[in-house]
Amino acid sequence: MGQKVNPNGFRLGMTHSWDSHWFARGRKYRELLLDDLRIKRFLKKKLPDSGISRVEIERDKRVTVFIHTSKPGVIIGKQGAAIEELRKELERMFAGNFEIKIQEVRNPDADSAVIAETVQGQIQRRMPYRRAAKMAIEKAMQAGARGVKIRVSGRLNGAEIARSELFKDGNVPLQTIRADVQFAKRDAVTTYGTIGVQVWIYKGMVFKKLQQAQSAALLEATS
């Protein structure tokens, strides 16, 4: 069976929540959505190798950007100079009143985005992709993950024909909606082409949120 659905979007409202927290209608909605995408792309480009797991955006009178990262010191800088400069740059580029809040990722070895970035960096530094993937899987399992899957695709080791290799440990139930599965992908740019890195992390079943969603749906149906 094909596995073409993004596991994060598949579980929205169940085990995952939305990264954008605001409400708008019509043309304004489109503009704000595009702004959110541009902000996220800008941050990823501006802060490479910063261990960014996810970026949440909350809009009220001001735009609050929550950056979840495994390396908060890199983004904050000496005495907060780097984060202040980043805030001013966001205000200059996106014409708004911005506030940046940094939230540390407590368990980076079991975070899909951080793992994908680590494997990407190691491949770009010419470490063998098999070693990089196996080390990442071993660390994730030791950090408490129930299952890990890493797929590396492209001209592996500079081969003429592109191929993909899959590394897996534990259980990753992608069809179960209540399974807490995190997914991330990154592109490692090398001299012989781009190598794609995809990471799935399974952290266990979530029952509480599922029951809340079911009870809310039941209330909606009966009212």
# chains A, B, ... in the order shown; residues from 1 in each chain; ligands from 1

$ residues_around --residues "Gly196 (chain A)" --least-positions-apart "6" --cutoff "7 Å" --atoms "only C-alpha atoms" --output "NGL selection string"
:A and (152-154 or 186-188)

$ residues_around --residues "Arg131 (chain A)" --least-positions-apart "5" --cutoff "10 Å" --atoms "only C-alpha atoms" --output "ChimeraX atom specification"
/A:119,122-123,136-137

$ closest_residue --among "A:Lys71, A:Lys46, A:Lys101, A:Arg155" --to "Glu89 (chain A)" --atoms "only C-alpha atoms"
A:Lys46

$ closest_residue --among "A:Ile76, A:Ile201, A:Ala159, A:Ala82" --to "Lys139 (chain A)" --atoms "only C-alpha atoms"
A:Ile201

$ residues_around --residues "Pro173 (chain A)" --least-positions-apart "2" --cutoff "12 Å" --atoms "only C-alpha atoms" --output "ChimeraX atom specification"
/A:3,7,146-149,170-171,175-182,200-205

$ write_last_selection --atoms "N, CA, C and O atoms" --output "PDB file, in the first residue's frame"
ATOM      1  N   GLN A   3       2.226   4.988   0.790  1.00  0.00           N
ATOM      2  CA  GLN A   3       2.225   5.818   2.003  1.00  0.00           C
ATOM      3  C   GLN A   3       2.544   7.249   1.591  1.00  0.00           C
ATOM      4  O   GLN A   3       3.635   7.732   1.783  1.00  0.00           O
ATOM      5  N   PRO A   7       2.151  12.288   7.552  1.00  0.00           N
ATOM      6  CA  PRO A   7       1.664  11.832   8.867  1.00  0.00           C
ATOM      7  C   PRO A   7       1.268  12.962   9.810  1.00  0.00           C
ATOM      8  O   PRO A   7       0.406  12.782  10.664  1.00  0.00           O
ATOM      9  N   ARG A 146       9.383   4.692  20.467  1.00  0.00           N
ATOM     10  CA  ARG A 146       8.872   3.321  20.300  1.00  0.00           C
ATOM     11  C   ARG A 146       9.275   2.732  18.942  1.00  0.00           C
ATOM     12  O   ARG A 146       9.327   1.523  18.780  1.00  0.00           O
ATOM     13  N   GLY A 147       9.484   3.605  17.997  1.00  0.00           N
ATOM     14  CA  GLY A 147       9.871   3.147  16.659  1.00  0.00           C
ATOM     15  C   GLY A 147      10.448   4.301  15.852  1.00  0.00           C
ATOM     16  O   GLY A 147      10.055   5.452  16.015  1.00  0.00           O
ATOM     17  N   VAL A 148      11.402   3.997  14.970  1.00  0.00           N
ATOM     18  CA  VAL A 148      12.056   5.007  14.126  1.00  0.00           C
ATOM     19  C   VAL A 148      12.210   4.445  12.716  1.00  0.00           C
ATOM     20  O   VAL A 148      12.535   3.269  12.542  1.00  0.00           O
ATOM     21  N   LYS A 149      11.959   5.303  11.744  1.00  0.00           N
ATOM     22  CA  LYS A 149      12.160   4.913  10.350  1.00  0.00           C
ATOM     23  C   LYS A 149      12.847   6.063   9.634  1.00  0.00           C
ATOM     24  O   LYS A 149      12.404   7.206   9.728  1.00  0.00           O
ATOM     25  N   GLY A 170      12.029  -0.861  15.631  1.00  0.00           N
ATOM     26  CA  GLY A 170      10.788  -0.722  16.383  1.00  0.00           C
ATOM     27  C   GLY A 170       9.564  -0.720  15.478  1.00  0.00           C
ATOM     28  O   GLY A 170       9.617  -1.164  14.332  1.00  0.00           O
ATOM     29  N   ASN A 171       8.476  -0.185  15.979  1.00  0.00           N
ATOM     30  CA  ASN A 171       7.185  -0.208  15.287  1.00  0.00           C
ATOM     31  C   ASN A 171       6.754   1.214  14.924  1.00  0.00           C
ATOM     32  O   ASN A 171       6.798   2.104  15.761  1.00  0.00           O
ATOM     33  N   GLN A 175      -0.887   3.921   9.759  1.00  0.00           N
ATOM     34  CA  GLN A 175      -2.316   3.970   9.442  1.00  0.00           C
ATOM     35  C   GLN A 175      -3.178   4.248  10.670  1.00  0.00           C
ATOM     36  O   GLN A 175      -4.369   4.518  10.539  1.00  0.00           O
ATOM     37  N   THR A 176      -2.605   4.152  11.866  1.00  0.00           N
ATOM     38  CA  THR A 176      -3.366   4.387  13.101  1.00  0.00           C
ATOM     39  C   THR A 176      -3.333   5.873  13.441  1.00  0.00           C
ATOM     40  O   THR A 176      -2.270   6.424  13.732  1.00  0.00           O
ATOM     41  N   ILE A 177      -4.510   6.517  13.432  1.00  0.00           N
ATOM     42  CA  ILE A 177      -4.554   7.971  13.635  1.00  0.00           C
ATOM     43  C   ILE A 177      -4.174   8.350  15.060  1.00  0.00           C
ATOM     44  O   ILE A 177      -3.579   9.389  15.290  1.00  0.00           O
ATOM     45  N   ARG A 178      -4.507   7.519  16.047  1.00  0.00           N
ATOM     46  CA  ARG A 178      -4.187   7.873  17.428  1.00  0.00           C
ATOM     47  C   ARG A 178      -2.727   7.598  17.780  1.00  0.00           C
ATOM     48  O   ARG A 178      -2.299   7.900  18.901  1.00  0.00           O
ATOM     49  N   ALA A 179      -1.954   7.046  16.847  1.00  0.00           N
ATOM     50  CA  ALA A 179      -0.520   6.846  17.076  1.00  0.00           C
ATOM     51  C   ALA A 179       0.202   8.184  16.933  1.00  0.00           C
ATOM     52  O   ALA A 179       0.017   8.896  15.943  1.00  0.00           O
ATOM     53  N   ASP A 180       0.997   8.555  17.922  1.00  0.00           N
ATOM     54  CA  ASP A 180       1.738   9.815  17.899  1.00  0.00           C
ATOM     55  C   ASP A 180       2.981   9.635  17.028  1.00  0.00           C
ATOM     56  O   ASP A 180       4.031   9.208  17.492  1.00  0.00           O
ATOM     57  N   VAL A 181       2.835   9.946  15.729  1.00  0.00           N
ATOM     58  CA  VAL A 181       3.936   9.804  14.768  1.00  0.00           C
ATOM     59  C   VAL A 181       4.349  11.183  14.282  1.00  0.00           C
ATOM     60  O   VAL A 181       3.529  11.949  13.791  1.00  0.00           O
ATOM     61  N   GLN A 182       5.625  11.502  14.442  1.00  0.00           N
ATOM     62  CA  GLN A 182       6.186  12.764  13.941  1.00  0.00           C
ATOM     63  C   GLN A 182       6.922  12.488  12.641  1.00  0.00           C
ATOM     64  O   GLN A 182       7.616  11.479  12.517  1.00  0.00           O
ATOM     65  N   TRP A 200      10.607   9.299  10.341  1.00  0.00           N
ATOM     66  CA  TRP A 200       9.365   9.046  11.074  1.00  0.00           C
ATOM     67  C   TRP A 200       9.720   8.618  12.495  1.00  0.00           C
ATOM     68  O   TRP A 200      10.574   7.749  12.678  1.00  0.00           O
ATOM     69  N   ILE A 201       9.083   9.210  13.495  1.00  0.00           N
ATOM     70  CA  ILE A 201       9.294   8.833  14.901  1.00  0.00           C
ATOM     71  C   ILE A 201       7.943   8.475  15.515  1.00  0.00           C
ATOM     72  O   ILE A 201       7.004   9.269  15.451  1.00  0.00           O
ATOM     73  N   TYR A 202       7.872   7.291  16.102  1.00  0.00           N
ATOM     74  CA  TYR A 202       6.643   6.863  16.785  1.00  0.00           C
ATOM     75  C   TYR A 202       6.880   6.918  18.290  1.00  0.00           C
ATOM     76  O   TYR A 202       7.823   6.322  18.797  1.00  0.00           O
ATOM     77  N   LYS A 203       6.006   7.672  19.015  1.00  0.00           N
ATOM     78  CA  LYS A 203       6.207   7.876  20.451  1.00  0.00           C
ATOM     79  C   LYS A 203       5.158   7.192  21.318  1.00  0.00           C
ATOM     80  O   LYS A 203       5.156   7.383  22.533  1.00  0.00           O
ATOM     81  N   GLY A 204       4.256   6.438  20.725  1.00  0.00           N
ATOM     82  CA  GLY A 204       3.231   5.754  21.514  1.00  0.00           C
ATOM     83  C   GLY A 204       1.827   6.209  21.137  1.00  0.00           C
ATOM     84  O   GLY A 204       1.650   7.124  20.332  1.00  0.00           O
ATOM     85  N   MET A 205       0.823   5.562  21.746  1.00  0.00           N
ATOM     86  CA  MET A 205      -0.579   5.868  21.449  1.00  0.00           C
ATOM     87  C   MET A 205      -1.084   7.029  22.314  1.00  0.00           C
ATOM     88  O   MET A 205      -0.701   7.160  23.467  1.00  0.00           O
TER      89      MET A 205
END

$ atom_distance --atom1 "CA of Val114 (chain A)" --atom2 "CA of Ile161 (chain A)"
28.6 Å

$ atom_distance --atom1 "CA of Tyr29 (chain A)" --atom2 "CA of Ile67 (chain A)"
22.3 Å

$ closest_residue --among "A:Val172, A:Arg41, A:Gly121, A:Asn8" --to "Ala184 (chain A)" --atoms "only C-alpha atoms"
A:Asn8
